[in-house]
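Trainee: First the structure, which I've put down as C-alpha cells, then a few questions once you've had a look.
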Amino acid sequence: MAEGKFVSYLRVSTDKQGRSGLGLEAQRDAVSRYLNGGRWKLVAEYVEVESGKRNSRPQLQAAISHAKATGAKLVIARLDRLARNLHFVSSLQERGVDFVAADMPDANRLTIHIIAAVAEAVGRTISENTKTALAAAKARGVKLGNPNGARALRGKQTGNTEAVAALKAAASQHAADLKGIVDDIRRSGITTTRGIAEELHARGIRAPRGEVWHPTAVSRLLIRLNAATK
C-alpha cells in the first residue's frame, strides 16, 4: 500500500489524447488505483499538454521541484510515457527525486539504477584514461602538480573562502530546485513577491530559513534565479 507524500504528473498530447486511451482521466484513475489504501497524501497534481516529440516540459520541472522541496515521491500513470525521455530520467537522477509508475511500481528504481550504472561505468573509464595519460606524461618527465606544494596556500584563508563558496553553492542549488515551481506560479498570473510567498506556503514549500516564506526571502530567491539565467 502507498504511504507518504506524492506529487502526480500527467501528460497528454493534443492530437492523440482521444485515440490513445491515455487521456487525463485515464491517467488520473491509474494513479488513484495505485494510491488506493495506505496512509498517503497527494500534495499536488501537474498536467502537461505537450507532444511527446518535444523536450519542453515546464510542468514536469515544476512537479520535480515540488516533489524535492516537500520530500514527496513523483507518481506517473505509465512508465512508457516517460521512461523514453532521457531528459526526464536525468533530471530525476541529478536532483535525487524518487518516482514510481502506477503500471509498473517495481520498475522505477531498476530504471534509475541502470541509467546510473551506465553513467558510473563511463565515469570510471574517463577516470582510468586520465590516470593513464598522467602516468604516461610523468614517465616522459613532465612535472605534475604545483611545484610549491603546501607553500602555495600559505597566508591564504582558504578555509573561509571554501566555506563561503559552499554556502553560496547550497543557496544556488536550493533556488534551482525551486525554479520549476516559481515558473509555474508566475504562469498562473502571480508575480508579486508577496503573492509568490503566499503561494509557496500554500503548496507546502518550506523557506530555506524557516517554515514561512516572506517577500524578502522570495526577492532573494528571484535574484538568484535571474542571475542563473544570465
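Ligands are numbered from 1 in the order shown, chains are lettered A, B, ... in the order of the C-alpha cells, and residues start at 1 in each chain.
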Find the spatial neighbours of segment 177-190 of chain A, counting only C-alpha atoms, within a cut-off of 8 Å - ignore same-chain residues fewer than 4 positions away - and output them as an mmCIF file with all heavy atoms, in the first residue's frame.
Mentor:
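Dumped to out-v3.cif:
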```cif
data_model
loop_
_atom_site.group_PDB
_atom_site.id
_atom_site.type_symbol
_atom_site.label_atom_id
_atom_site.label_comp_id
_atom_site.auth_asym_id
_atom_site.auth_seq_id
_atom_site.Cartn_x
_atom_site.Cartn_y
_atom_site.Cartn_z
ATOM 1 N N PRO A 58 7.772 22.259 -18.931
ATOM 2 C CA PRO A 58 7.727 23.160 -17.771
ATOM 3 C C PRO A 58 6.964 22.577 -16.592
ATOM 4 O O PRO A 58 7.360 22.755 -15.435
ATOM 5 C CB PRO A 58 7.046 24.420 -18.321
ATOM 6 C CG PRO A 58 6.315 23.957 -19.544
ATOM 7 C CD PRO A 58 7.138 22.862 -20.115
ATOM 8 N N GLN A 59 5.853 21.865 -16.860
ATOM 9 C CA GLN A 59 5.087 21.278 -15.765
ATOM 10 C C GLN A 59 5.833 20.112 -15.118
ATOM 11 O O GLN A 59 5.714 19.871 -13.914
ATOM 12 C CB GLN A 59 3.722 20.804 -16.277
ATOM 13 C CG GLN A 59 2.779 21.916 -16.652
ATOM 14 C CD GLN A 59 2.457 22.810 -15.467
ATOM 15 O OE1 GLN A 59 1.941 22.339 -14.456
ATOM 16 N NE2 GLN A 59 2.760 24.092 -15.586
ATOM 17 N N GLN A 61 9.122 19.928 -14.852
ATOM 18 C CA GLN A 61 10.127 20.538 -13.987
ATOM 19 C C GLN A 61 9.498 21.072 -12.705
ATOM 20 O O GLN A 61 10.092 20.985 -11.628
ATOM 21 C CB GLN A 61 10.856 21.662 -14.731
ATOM 22 C CG GLN A 61 11.698 21.181 -15.895
ATOM 23 C CD GLN A 61 12.690 20.100 -15.479
ATOM 24 O OE1 GLN A 61 13.336 20.189 -14.442
ATOM 25 N NE2 GLN A 61 12.810 19.068 -16.300
ATOM 26 N N ALA A 62 8.294 21.618 -12.823
ATOM 27 C CA ALA A 62 7.588 22.102 -11.638
ATOM 28 C C ALA A 62 7.242 20.949 -10.707
ATOM 29 O O ALA A 62 7.361 21.055 -9.486
ATOM 30 C CB ALA A 62 6.314 22.850 -12.046
ATOM 31 N N ALA A 63 6.809 19.823 -11.284
ATOM 32 C CA ALA A 63 6.467 18.648 -10.470
ATOM 33 C C ALA A 63 7.695 18.101 -9.763
ATOM 34 O O ALA A 63 7.645 17.731 -8.583
ATOM 35 C CB ALA A 63 5.839 17.570 -11.356
ATOM 36 N N ILE A 64 8.825 18.032 -10.484
ATOM 37 C CA ILE A 64 10.064 17.545 -9.882
ATOM 38 C C ILE A 64 10.501 18.470 -8.759
ATOM 39 O O ILE A 64 10.899 18.015 -7.677
ATOM 40 C CB ILE A 64 11.167 17.433 -10.957
ATOM 41 C CG1 ILE A 64 10.830 16.321 -11.955
ATOM 42 C CG2 ILE A 64 12.521 17.155 -10.316
ATOM 43 C CD1 ILE A 64 11.795 16.229 -13.121
ATOM 44 N N SER A 65 10.426 19.785 -8.997
ATOM 45 C CA SER A 65 10.801 20.758 -7.977
ATOM 46 C C SER A 65 9.921 20.616 -6.738
ATOM 47 O O SER A 65 10.408 20.652 -5.605
ATOM 48 C CB SER A 65 10.695 22.182 -8.524
ATOM 49 O OG SER A 65 11.608 22.397 -9.572
ATOM 50 N N HIS A 66 8.623 20.468 -6.963
ATOM 51 C CA HIS A 66 7.672 20.348 -5.853
ATOM 52 C C HIS A 66 7.950 19.079 -5.055
ATOM 53 O O HIS A 66 7.925 19.091 -3.819
ATOM 54 C CB HIS A 66 6.242 20.336 -6.387
ATOM 55 C CG HIS A 66 5.227 20.743 -5.377
ATOM 56 N ND1 HIS A 66 4.027 21.328 -5.703
ATOM 57 C CD2 HIS A 66 5.232 20.642 -4.019
ATOM 58 C CE1 HIS A 66 3.342 21.577 -4.608
ATOM 59 N NE2 HIS A 66 4.041 21.170 -3.559
ATOM 60 N N LYS A 68 10.793 17.413 -4.750
ATOM 61 C CA LYS A 68 12.036 17.524 -3.992
ATOM 62 C C LYS A 68 11.882 18.471 -2.819
ATOM 63 O O LYS A 68 12.377 18.206 -1.723
ATOM 64 C CB LYS A 68 13.177 17.996 -4.895
ATOM 65 C CG LYS A 68 14.495 18.076 -4.152
ATOM 66 C CD LYS A 68 15.678 18.246 -5.066
ATOM 67 C CE LYS A 68 16.982 18.220 -4.270
ATOM 68 N NZ LYS A 68 18.176 18.344 -5.138
ATOM 69 N N ALA A 69 11.194 19.586 -3.035
ATOM 70 C CA ALA A 69 11.050 20.591 -1.979
ATOM 71 C C ALA A 69 10.225 20.074 -0.806
ATOM 72 O O ALA A 69 10.423 20.502 0.337
ATOM 73 C CB ALA A 69 10.426 21.858 -2.541
ATOM 74 N N ARG A 95 18.712 15.328 -9.509
ATOM 75 C CA ARG A 95 18.100 16.077 -8.415
ATOM 76 C C ARG A 95 17.642 15.190 -7.262
ATOM 77 O O ARG A 95 17.097 15.668 -6.272
ATOM 78 C CB ARG A 95 16.936 16.903 -8.970
ATOM 79 C CG ARG A 95 17.417 17.906 -10.023
ATOM 80 C CD ARG A 95 16.301 18.622 -10.707
ATOM 81 N NE ARG A 95 15.585 19.507 -9.824
ATOM 82 C CZ ARG A 95 14.598 20.302 -10.201
ATOM 83 N NH1 ARG A 95 14.249 20.337 -11.470
ATOM 84 N NH2 ARG A 95 13.978 21.063 -9.343
ATOM 85 N N GLN A 173 21.765 26.073 -5.402
ATOM 86 C CA GLN A 173 21.133 24.793 -5.698
ATOM 87 C C GLN A 173 19.695 24.763 -5.212
ATOM 88 O O GLN A 173 18.799 24.250 -5.879
ATOM 89 C CB GLN A 173 21.921 23.650 -5.047
ATOM 90 C CG GLN A 173 21.363 22.255 -5.345
ATOM 91 C CD GLN A 173 21.325 21.953 -6.827
ATOM 92 O OE1 GLN A 173 22.339 22.058 -7.506
ATOM 93 N NE2 GLN A 173 20.158 21.590 -7.345
ATOM 94 N N GLY A 195 2.736 37.666 -3.257
ATOM 95 C CA GLY A 195 1.864 36.637 -3.820
ATOM 96 C C GLY A 195 2.589 35.317 -3.987
ATOM 97 O O GLY A 195 2.037 34.244 -3.696
ATOM 98 N N ILE A 196 3.830 35.378 -4.468
ATOM 99 C CA ILE A 196 4.622 34.158 -4.637
ATOM 100 C C ILE A 196 4.894 33.515 -3.281
ATOM 101 O O ILE A 196 4.843 32.289 -3.133
ATOM 102 C CB ILE A 196 5.947 34.470 -5.363
ATOM 103 C CG1 ILE A 196 5.664 34.922 -6.801
ATOM 104 C CG2 ILE A 196 6.865 33.256 -5.368
ATOM 105 C CD1 ILE A 196 6.893 35.392 -7.551
ATOM 106 N N GLU A 199 1.815 31.709 -2.157
ATOM 107 C CA GLU A 199 1.561 30.510 -2.947
ATOM 108 C C GLU A 199 2.554 29.402 -2.582
ATOM 109 O O GLU A 199 2.182 28.224 -2.521
ATOM 110 C CB GLU A 199 1.654 30.838 -4.434
ATOM 111 C CG GLU A 199 1.302 29.674 -5.360
ATOM 112 C CD GLU A 199 -0.131 29.205 -5.217
ATOM 113 O OE1 GLU A 199 -0.964 29.977 -4.682
ATOM 114 O OE2 GLU A 199 -0.423 28.066 -5.637
ATOM 115 N N LEU A 225 17.681 33.273 -9.135
ATOM 116 C CA LEU A 225 17.174 32.646 -10.363
ATOM 117 C C LEU A 225 17.502 33.504 -11.572
ATOM 118 O O LEU A 225 17.868 32.965 -12.636
ATOM 119 C CB LEU A 225 15.657 32.425 -10.247
ATOM 120 C CG LEU A 225 15.204 31.371 -9.247
ATOM 121 C CD1 LEU A 225 13.680 31.308 -9.193
ATOM 122 C CD2 LEU A 225 15.763 29.998 -9.614
#
```
Trainee: Can you tell me how far atom CA of Phe99 of chain A sits from atom CA of Tyr9 of chain A, in Å to one decimal?
Mentor: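 These two atoms are separated by 10.2 Å.
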Trainee: Excluding Pro208 of chain A and residues on its chain fewer than 5 positions from it, collect all residues at most 9 Å away from it, counting only C-alpha atoms, and give them as a list of chain:residue names.
Mentor: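 Returned residues: A:Ala171, A:His174, A:Trp213, A:Ala217.
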Trainee: Find the spatial neighbours of Tyr34 of chain A, counting only C-alpha atoms, within a cut-off of 10 Å - ignore same-chain residues fewer than 5 positions away - and output them as a VMD selection string.
Mentor: chain A and resid 1 to 2 28 to 29 75 to 77 100 to 105
Trainee: Go ahead and write the residues just picked, N, CA, C and O atoms, as an mmCIF file, in the first residue's frame.
Mentor:
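Now in out.cif:
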```
data_model
loop_
_atom_site.group_PDB
_atom_site.id
_atom_site.type_symbol
_atom_site.label_atom_id
_atom_site.label_comp_id
_atom_site.auth_asym_id
_atom_site.auth_seq_id
_atom_site.Cartn_x
_atom_site.Cartn_y
_atom_site.Cartn_z
ATOM 1 N N MET A 1 0.835 -1.196 0.000
ATOM 2 C CA MET A 1 0.000 0.000 0.000
ATOM 3 C C MET A 1 0.872 1.249 0.000
ATOM 4 O O MET A 1 1.930 1.282 0.604
ATOM 5 N N ALA A 2 0.388 2.277 -0.682
ATOM 6 C CA ALA A 2 1.144 3.520 -0.792
ATOM 7 C C ALA A 2 1.151 4.258 0.541
ATOM 8 O O ALA A 2 0.146 4.305 1.256
ATOM 9 N N ARG A 28 -5.290 9.778 -14.419
ATOM 10 C CA ARG A 28 -5.652 10.121 -13.047
ATOM 11 C C ARG A 28 -6.242 8.902 -12.330
ATOM 12 O O ARG A 28 -5.981 8.669 -11.139
ATOM 13 N N ASP A 29 -7.036 8.115 -13.060
ATOM 14 C CA ASP A 29 -7.623 6.908 -12.477
ATOM 15 C C ASP A 29 -6.546 5.876 -12.146
ATOM 16 O O ASP A 29 -6.606 5.204 -11.123
ATOM 17 N N VAL A 75 4.713 10.487 -8.837
ATOM 18 C CA VAL A 75 3.977 9.331 -9.337
ATOM 19 C C VAL A 75 3.427 9.642 -10.725
ATOM 20 O O VAL A 75 2.881 10.725 -10.966
ATOM 21 N N ILE A 76 3.624 8.711 -11.656
ATOM 22 C CA ILE A 76 3.124 8.849 -13.021
ATOM 23 C C ILE A 76 2.238 7.650 -13.319
ATOM 24 O O ILE A 76 2.318 6.618 -12.647
ATOM 25 N N ALA A 77 1.394 7.786 -14.334
ATOM 26 C CA ALA A 77 0.449 6.724 -14.640
ATOM 27 C C ALA A 77 1.101 5.546 -15.345
ATOM 28 O O ALA A 77 0.882 4.389 -14.997
ATOM 29 N N VAL A 100 7.640 6.754 -9.057
ATOM 30 C CA VAL A 100 7.022 5.442 -9.235
ATOM 31 C C VAL A 100 6.012 5.527 -10.369
ATOM 32 O O VAL A 100 5.357 6.549 -10.557
ATOM 33 N N ALA A 101 5.933 4.463 -11.162
ATOM 34 C CA ALA A 101 4.944 4.376 -12.237
ATOM 35 C C ALA A 101 3.814 3.469 -11.773
ATOM 36 O O ALA A 101 4.061 2.357 -11.283
ATOM 37 N N ALA A 102 2.579 3.930 -11.900
ATOM 38 C CA ALA A 102 1.444 3.171 -11.396
ATOM 39 C C ALA A 102 1.299 1.813 -12.077
ATOM 40 O O ALA A 102 0.869 0.840 -11.459
ATOM 41 N N ASP A 103 1.675 1.719 -13.363
ATOM 42 C CA ASP A 103 1.502 0.452 -14.072
ATOM 43 C C ASP A 103 2.658 -0.518 -13.811
ATOM 44 O O ASP A 103 2.502 -1.728 -13.983
ATOM 45 N N MET A 104 3.821 -0.002 -13.383
ATOM 46 C CA MET A 104 4.975 -0.861 -13.091
ATOM 47 C C MET A 104 5.688 -0.326 -11.843
ATOM 48 O O MET A 104 6.787 0.216 -11.913
ATOM 49 N N PRO A 105 5.073 -0.481 -10.678
ATOM 50 C CA PRO A 105 5.611 0.136 -9.463
ATOM 51 C C PRO A 105 6.981 -0.382 -9.040
ATOM 52 O O PRO A 105 7.679 0.280 -8.277
#
```
Trainee: Please, what distance in Å, to one decimal, runs between atom CA of Ile205 of chain A and atom CA of Ser172 of chain A?
Mentor: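 Between atom CA of Ile205 of chain A and atom CA of Ser172 of chain A the gap works out to 16.4 Å.
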Trainee: Could you give me, as a PyMOL selection string, the residues within 7 Å of Thr193 of chain A, counting only C-alpha atoms and dropping anything in the same chain fewer than 6 positions from it?
Mentor: chain A and resi 215+218-219
Trainee: Hey, can you spit out that residue selection with N, CA and C atoms as a PDB file, in the first residue's frame?
Mentor:
```pdb
ATOM      1  N   PRO A 215       8.253  38.044   1.766  1.00  0.00           N
ATOM      2  CA  PRO A 215       8.604  38.689   0.491  1.00  0.00           C
ATOM      3  C   PRO A 215      10.108  38.896   0.313  1.00  0.00           C
ATOM      4  N   VAL A 218      11.612  35.699  -0.877  1.00  0.00           N
ATOM      5  CA  VAL A 218      11.250  35.472  -2.275  1.00  0.00           C
ATOM      6  C   VAL A 218      12.084  36.360  -3.177  1.00  0.00           C
ATOM      7  N   SER A 219      12.306  37.599  -2.731  1.00  0.00           N
ATOM      8  CA  SER A 219      13.121  38.531  -3.522  1.00  0.00           C
ATOM      9  C   SER A 219      14.528  37.983  -3.719  1.00  0.00           C
TER      10      SER A 219
END
```
